[in-house]
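Trainee: Structure: data_9.txt, compact mmCIF, C-alpha atoms and all ligand atoms.
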```txt
# COMPACT_ATOMS: atom_id res chain seq x y z
CA MET A 43 87.81 166.40 73.52
CA LYS A 44 91.20 167.83 72.58
CA THR A 45 91.59 168.10 68.80
CA LEU A 46 93.95 165.46 67.46
CA VAL A 47 96.70 166.76 65.17
CA GLN A 48 96.88 164.58 62.07
CA PRO A 49 100.21 164.32 60.21
CA SER A 50 100.06 165.11 56.49
CA PRO A 51 99.50 161.93 54.44
CA SER A 52 101.82 161.03 51.55
CA PRO A 53 100.45 161.30 47.98
CA ALA A 54 100.14 157.50 47.89
CA GLN A 55 98.12 157.52 51.10
CA VAL A 56 95.83 160.24 49.75
CA ALA A 57 95.05 158.04 46.75
CA GLU A 58 94.04 155.04 48.87
CA ARG A 59 90.36 154.40 49.21
CA LEU A 60 88.22 151.83 50.92
CA ARG A 61 84.73 150.50 50.38
CA ILE A 62 82.82 151.50 53.50
CA SER A 63 79.49 150.14 54.69
CA GLU A 64 78.95 152.59 57.55
CA ILE A 65 80.66 154.90 60.04
CA PHE A 66 78.86 155.49 63.30
CA LEU A 67 79.29 156.42 66.94
CA SER A 68 78.14 153.92 69.56
CA LEU A 69 79.23 152.23 72.75
CA GLN A 70 81.71 149.42 72.28
CA GLY A 71 79.53 146.35 72.80
CA GLU A 72 82.24 143.69 73.14
CA SER A 73 85.88 143.09 74.04
CA THR A 74 87.80 144.50 77.00
CA SER A 75 86.80 148.03 75.89
CA VAL A 76 83.10 147.31 76.41
CA GLY A 77 81.02 150.37 77.24
CA LEU A 78 83.40 153.00 75.87
CA PRO A 79 82.11 155.56 73.35
CA THR A 80 83.69 154.41 70.09
CA VAL A 81 83.60 155.29 66.39
CA PHE A 82 82.98 152.22 64.25
CA VAL A 83 84.29 152.08 60.71
CA ARG A 84 82.63 149.11 59.01
CA LEU A 85 84.32 147.95 55.81
CA THR A 86 82.25 146.30 53.10
CA GLY A 87 82.76 142.66 52.13
CA CYS A 88 83.62 139.35 53.78
CA PRO A 89 84.82 136.05 52.26
CA LEU A 90 83.23 134.01 55.08
CA ARG A 91 79.59 133.06 55.66
CA CYS A 92 79.15 132.30 59.35
CA HIS A 93 75.70 130.89 60.18
CA TYR A 94 75.11 133.51 62.88
CA CYS A 95 76.37 136.53 60.95
CA ASP A 96 74.59 139.70 62.04
CA THR A 97 76.20 142.02 59.48
CA GLU A 98 75.15 140.41 56.20
CA TYR A 99 74.10 143.88 55.02
CA ALA A 100 77.84 144.69 54.89
CA PHE A 101 78.65 141.93 52.38
CA ARG A 102 77.93 144.27 49.47
CA GLY A 103 77.10 147.86 48.68
CA GLY A 104 78.78 150.67 50.54
CA GLU A 105 80.62 153.77 49.41
CA ASN A 106 84.18 154.27 48.15
CA ILE A 107 85.89 156.76 50.48
CA ARG A 108 89.48 158.03 50.40
CA ILE A 109 91.36 157.65 53.66
CA PRO A 110 91.74 161.41 54.33
CA GLU A 111 87.96 161.78 54.08
CA LEU A 112 87.54 158.77 56.37
CA LEU A 113 89.81 160.42 58.93
CA ARG A 114 87.73 163.60 58.71
CA ARG A 115 84.51 161.66 59.35
CA VAL A 116 86.07 159.84 62.29
CA ALA A 117 87.37 163.13 63.74
CA ALA A 118 83.88 164.64 63.49
CA CYS A 119 82.67 162.05 66.04
CA GLN A 120 85.02 163.55 68.67
CA VAL A 121 85.94 160.40 70.61
CA ARG A 122 89.36 158.78 70.93
CA HIS A 123 88.43 155.11 70.49
CA VAL A 124 88.04 153.76 66.96
CA THR A 125 87.10 150.20 65.96
CA VAL A 126 87.67 149.04 62.41
CA THR A 127 85.30 146.17 61.68
CA GLY A 128 83.31 144.49 58.93
CA GLY A 129 82.50 142.33 57.18
CA GLU A 130 86.13 141.30 57.18
CA PRO A 131 88.18 144.52 57.14
CA LEU A 132 91.44 142.82 56.15
CA ALA A 133 89.86 141.67 52.89
CA GLN A 134 90.64 145.19 51.61
CA PRO A 135 94.44 145.69 51.47
CA ALA A 136 94.21 149.45 52.17
CA CYS A 137 92.79 148.59 55.60
CA LEU A 138 96.38 148.24 56.84
CA SER A 139 97.12 151.83 55.85
CA LEU A 140 93.90 153.08 57.45
CA LEU A 141 94.85 151.39 60.73
CA THR A 142 98.31 152.96 60.71
CA GLN A 143 97.00 156.43 59.86
CA LEU A 144 94.42 156.20 62.67
CA CYS A 145 97.21 155.30 65.10
CA ASP A 146 99.40 158.14 63.75
CA ALA A 147 96.51 160.53 64.39
CA GLY A 148 96.51 159.53 68.06
CA TYR A 149 93.44 157.33 68.29
CA SER A 150 93.15 154.20 70.38
CA VAL A 151 92.48 151.72 67.59
CA SER A 152 91.08 148.19 67.60
CA LEU A 153 90.52 145.79 64.73
CA GLU A 154 87.80 143.13 64.68
CA THR A 155 88.75 140.33 62.30
CA SER A 156 87.48 136.85 61.48
CA GLY A 157 90.80 135.13 62.05
CA ALA A 158 90.76 133.81 58.49
CA LEU A 159 93.13 136.45 57.05
CA ASP A 160 96.75 137.21 57.89
CA VAL A 161 97.18 139.74 60.74
CA SER A 162 100.99 139.84 60.65
CA GLU A 163 101.13 143.22 58.86
CA VAL A 164 98.70 144.98 61.20
CA ASP A 165 100.28 147.98 62.94
CA ALA A 166 101.59 146.87 66.34
CA ARG A 167 99.76 149.76 68.04
CA VAL A 168 96.39 148.29 67.06
CA THR A 169 94.53 146.04 69.50
CA LYS A 170 93.54 142.97 67.52
CA VAL A 171 90.30 141.13 68.34
CA VAL A 172 90.65 137.89 66.41
CA ASP A 173 87.90 135.26 66.13
CA LEU A 174 88.60 131.56 66.38
CA LYS A 175 85.65 130.24 64.41
CA THR A 176 83.89 127.34 66.13
CA PRO A 177 82.33 124.35 64.34
CA GLY A 178 78.89 125.90 64.90
CA SER A 179 79.86 128.92 62.81
CA GLY A 180 80.19 126.71 59.72
CA GLU A 181 83.60 128.29 59.04
CA VAL A 182 85.94 126.41 61.37
CA ALA A 183 88.09 125.33 58.42
CA ARG A 184 88.96 128.99 57.73
CA ASN A 185 90.88 129.54 61.00
CA LEU A 186 94.41 130.71 60.25
CA TYR A 187 96.15 129.40 63.34
CA ARG A 188 99.46 131.12 62.57
CA ASN A 189 97.68 134.39 63.44
CA LEU A 190 97.96 133.34 67.08
CA ASP A 191 101.74 133.86 66.86
CA TRP A 192 101.16 137.59 66.25
CA LEU A 193 99.05 138.26 69.32
CA ALA A 194 100.26 140.58 72.09
CA PRO A 195 98.97 140.38 75.68
CA ARG A 196 96.39 143.14 75.09
CA ASP A 197 95.03 141.40 71.97
CA GLN A 198 91.96 139.23 72.24
CA VAL A 199 90.78 135.90 70.86
CA LYS A 200 87.01 135.66 70.62
CA PHE A 201 84.92 132.49 70.53
CA VAL A 202 81.26 132.81 69.58
CA ILE A 203 79.61 129.78 71.16
CA CYS A 204 76.56 128.27 69.39
CA ASP A 205 75.97 125.21 71.61
CA ARG A 206 77.57 122.83 74.11
CA ALA A 207 79.67 121.17 71.39
CA ASP A 208 81.12 124.57 70.49
CA TYR A 209 81.86 125.24 74.15
CA GLU A 210 83.77 121.97 74.49
CA TRP A 211 85.67 122.67 71.26
CA ALA A 212 86.62 126.16 72.45
CA ARG A 213 87.68 124.85 75.86
CA ALA A 214 89.95 122.32 74.16
CA GLN A 215 91.46 125.00 71.92
CA ILE A 216 92.64 126.97 74.93
CA GLY A 217 94.90 124.07 75.86
CA GLU A 218 95.84 122.87 72.38
CA GLN A 219 96.81 126.35 71.18
CA HIS A 220 98.45 127.33 74.49
CA LEU A 221 96.25 130.40 74.77
CA THR A 222 96.20 130.87 78.55
CA GLY A 223 98.26 133.93 79.48
CA ARG A 224 99.07 134.73 75.87
CA CYS A 225 96.21 137.21 75.37
CA GLU A 226 92.67 137.97 76.52
CA LEU A 227 90.12 135.21 75.83
CA LEU A 228 86.50 136.13 75.18
CA PHE A 229 83.52 133.74 75.22
CA SER A 230 80.31 135.10 73.78
CA PRO A 231 76.97 133.27 73.31
CA ALA A 232 75.69 133.28 69.73
CA TRP A 233 72.77 135.73 69.79
CA GLY A 234 69.44 133.84 69.72
CA GLN A 235 71.14 130.41 69.68
CA GLN A 236 73.03 129.80 72.91
CA GLU A 237 71.39 130.67 76.22
CA ALA A 238 73.71 133.14 77.93
CA THR A 239 73.09 131.86 81.46
CA ARG A 240 74.01 128.29 80.53
CA LEU A 241 77.28 129.45 78.97
CA ALA A 242 78.07 131.44 82.10
CA GLU A 243 77.41 128.35 84.24
CA TRP A 244 79.65 126.12 82.11
CA ILE A 245 82.49 128.63 82.42
CA LEU A 246 82.08 128.75 86.19
CA GLU A 247 81.82 124.95 86.54
CA ASP A 248 85.10 124.55 84.66
CA ARG A 249 86.78 127.61 86.28
CA LEU A 250 87.71 128.54 82.72
CA PRO A 251 90.15 131.50 82.58
CA VAL A 252 88.10 133.41 80.02
CA ARG A 253 86.04 136.59 79.98
CA PHE A 254 82.30 135.98 79.45
CA GLN A 255 80.68 138.73 77.43
CA LEU A 256 77.30 139.71 76.12
CA GLN A 257 76.87 142.00 73.14
CA LEU A 258 76.00 145.19 75.02
CA HIS A 259 74.85 147.06 71.90
CA LYS A 260 72.23 144.37 71.20
CA ILE A 261 70.90 144.56 74.74
CA LEU A 262 70.59 148.33 74.36
CA TRP A 263 69.46 148.63 70.75
CA GLY A 264 68.60 145.15 69.43
CA ASP A 265 69.90 143.99 66.08
CA GLU A 266 69.63 147.34 64.25
CA PRO A 267 72.50 148.41 61.97
CA GLY A 268 74.25 151.59 63.04
CA HIS A 269 74.70 150.62 66.69
S1 LIG B 1 83.42 136.72 59.60
FE1 LIG B 1 82.05 138.19 60.58
S2 LIG B 1 81.19 139.39 58.90
FE2 LIG B 1 82.08 137.57 57.97
S3 LIG B 1 80.39 136.11 57.83
FE3 LIG B 1 81.45 135.71 59.78
S4 LIG B 1 80.35 136.91 61.32
FE4 LIG B 1 79.77 137.72 59.28
```
Before we go any further, please render this structure as structure tokens.
Mentor:
Amino acid sequence: MKTLVQPSPSPAQVAERLRISEIFLSLQGESTSVGLPTVFVRLTGCPLRCHYCDTEYAFRGGENIRIPELLRRVAACQVRHVTVTGGEPLAQPACLSLLTQLCDAGYSVSLETSGALDVSEVDARVTKVVDLKTPGSGEVARNLYRNLDWLAPRDQVKFVICDRADYEWARAQIGEQHLTGRCELLFSPAWGQQEATRLAEWILEDRLPVRFQLQLHKILWGDEPGH
């Protein structure tokens, strides 16, 4: 891969640091970039507690890393796609600066966020993958619906479906929030809870204008951290 030329950071940017749970290279397992080699930067901490959370190990611990060092570790992976995830990455204010500096360095950057924190300050070059938490998640009250006003056509709203009631709720949200045509819509079965084939059949029966997805990384590697 061609070496990306990184602009010199300002002194304030050099001082910024983030609590990082892990940095690893894998295939993107979800979203419209599924299957692409991608560097994942997982930030520590999340204020939510979804019932199906598969990254509880990222709620605490981790390592404090300055952004220039983070950029060096990302560059060492030698791919152009970077996903900033968590936990809830936006719970750390310096995440916004990290996203901008990754974009400045020429990466294709996506952000995976719970939908509970404000996305309005996220760099416009970043592809936002924003959850709308379903009732089955246990965190439906945390949805910050004004985030939907900040979505561009390439951004994505993700519903993790736990059961038929969640499916019906998500289907209703598409109409109530006027989501059709506004951005990509992703429906994903909750791993180990919702049978994937049934969800696929419901989508087809209703001709729902959404993208069904499975978590590719779990099919390939199971539930292990680091993939
Ligand atoms: S928002 Fe994500 S990281 Fe936080 S509890 Fe829910 S699934 Fe886990």
Trainee: Which residues are close to range 57-66 of chain A, i.e. within 12 Å by only C-alpha atoms, leaving aside same-chain residues fewer than 6 positions away? Reply as a PyMOL selection string.
Mentor: chain A and resi 51+79-88+97-121+123-141+143+267-269
Trainee: Skip Ala194 in chain A itself and residues of its chain fewer than 6 positions away, then list as a ChimeraX atom specification all residues within 9 Å of it, counting all atoms listed in the file.
Mentor: /A:166,169-170,224-225
Trainee: Please, what distance in Å, to one decimal, runs between CA of Leu174 in chain A and CA of Lys260 in chain A?
Mentor: 21.3 Å
Trainee: If I take CA of Ala238 in chain A and CA of Val182 in chain A, how far is one from the other in Å, to one decimal?
Mentor: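 Taking CA of Ala238 in chain A as the start and CA of Val182 in chain A as the end point, the length is 21.7 Å.
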Trainee: Can you work out which one of A:Gly178, A:Gly264, A:Gly148, A:Gly71 has the shortest atom-to-atom distance to ligand LIG 1 (chain B), counting all atoms listed in the file?
Mentor: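 Closest to ligand LIG 1 (chain B) of all the choices is A:Gly178.
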Trainee: Considering all atoms listed in the file, return as a PyMOL selection string whatever protein or nucleic-acid residues lie within 6 Å of Tyr149 in chain A, sequence-local ones (same chain, fewer than 2 positions apart) excluded.
Mentor: chain A and resi 122-123+144-145+147+151
Trainee: Can I get the selection written as a short mmCIF file (atom, residue, chain, number, x, y, z; two decimals), in the frame of the given file, with C-alpha atoms?
Mentor:
```cif
data_model
loop_
_atom_site.label_atom_id
_atom_site.label_comp_id
_atom_site.auth_asym_id
_atom_site.auth_seq_id
_atom_site.Cartn_x
_atom_site.Cartn_y
_atom_site.Cartn_z
CA ARG A 122 89.36 158.78 70.93
CA HIS A 123 88.43 155.11 70.49
CA LEU A 144 94.42 156.20 62.67
CA CYS A 145 97.21 155.30 65.10
CA ALA A 147 96.51 160.53 64.39
CA VAL A 151 92.48 151.72 67.59
#
```
Trainee: Would you list the contacts of Ser230 in chain A as a ChimeraX atom specification, taking every protein, DNA or RNA residue within 12 Å and counting all atoms listed in the file, but skipping same-chain residues closer than 3 positions in sequence?
Mentor: /A:71-73,173-176,199-205,208-209,212,227,233-242,245,252-258
Trainee: Compare A:Ser162, A:Thr222, A:Asn185, A:Ser156 by their minimum atom-to-atom distance to ligand LIG 1 (chain B), counting all atoms listed in the file, and give me the closest one.
Mentor: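 Of the candidates, the smallest distance to ligand LIG 1 (chain B) is held by A:Ser156.
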Trainee: One decimal, in Å: what's the spacing between CA of Asp160 in chain A and CA of Gln198 in chain A?
Mentor: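 Rounded to one decimal, the two atoms are 15.3 Å apart.
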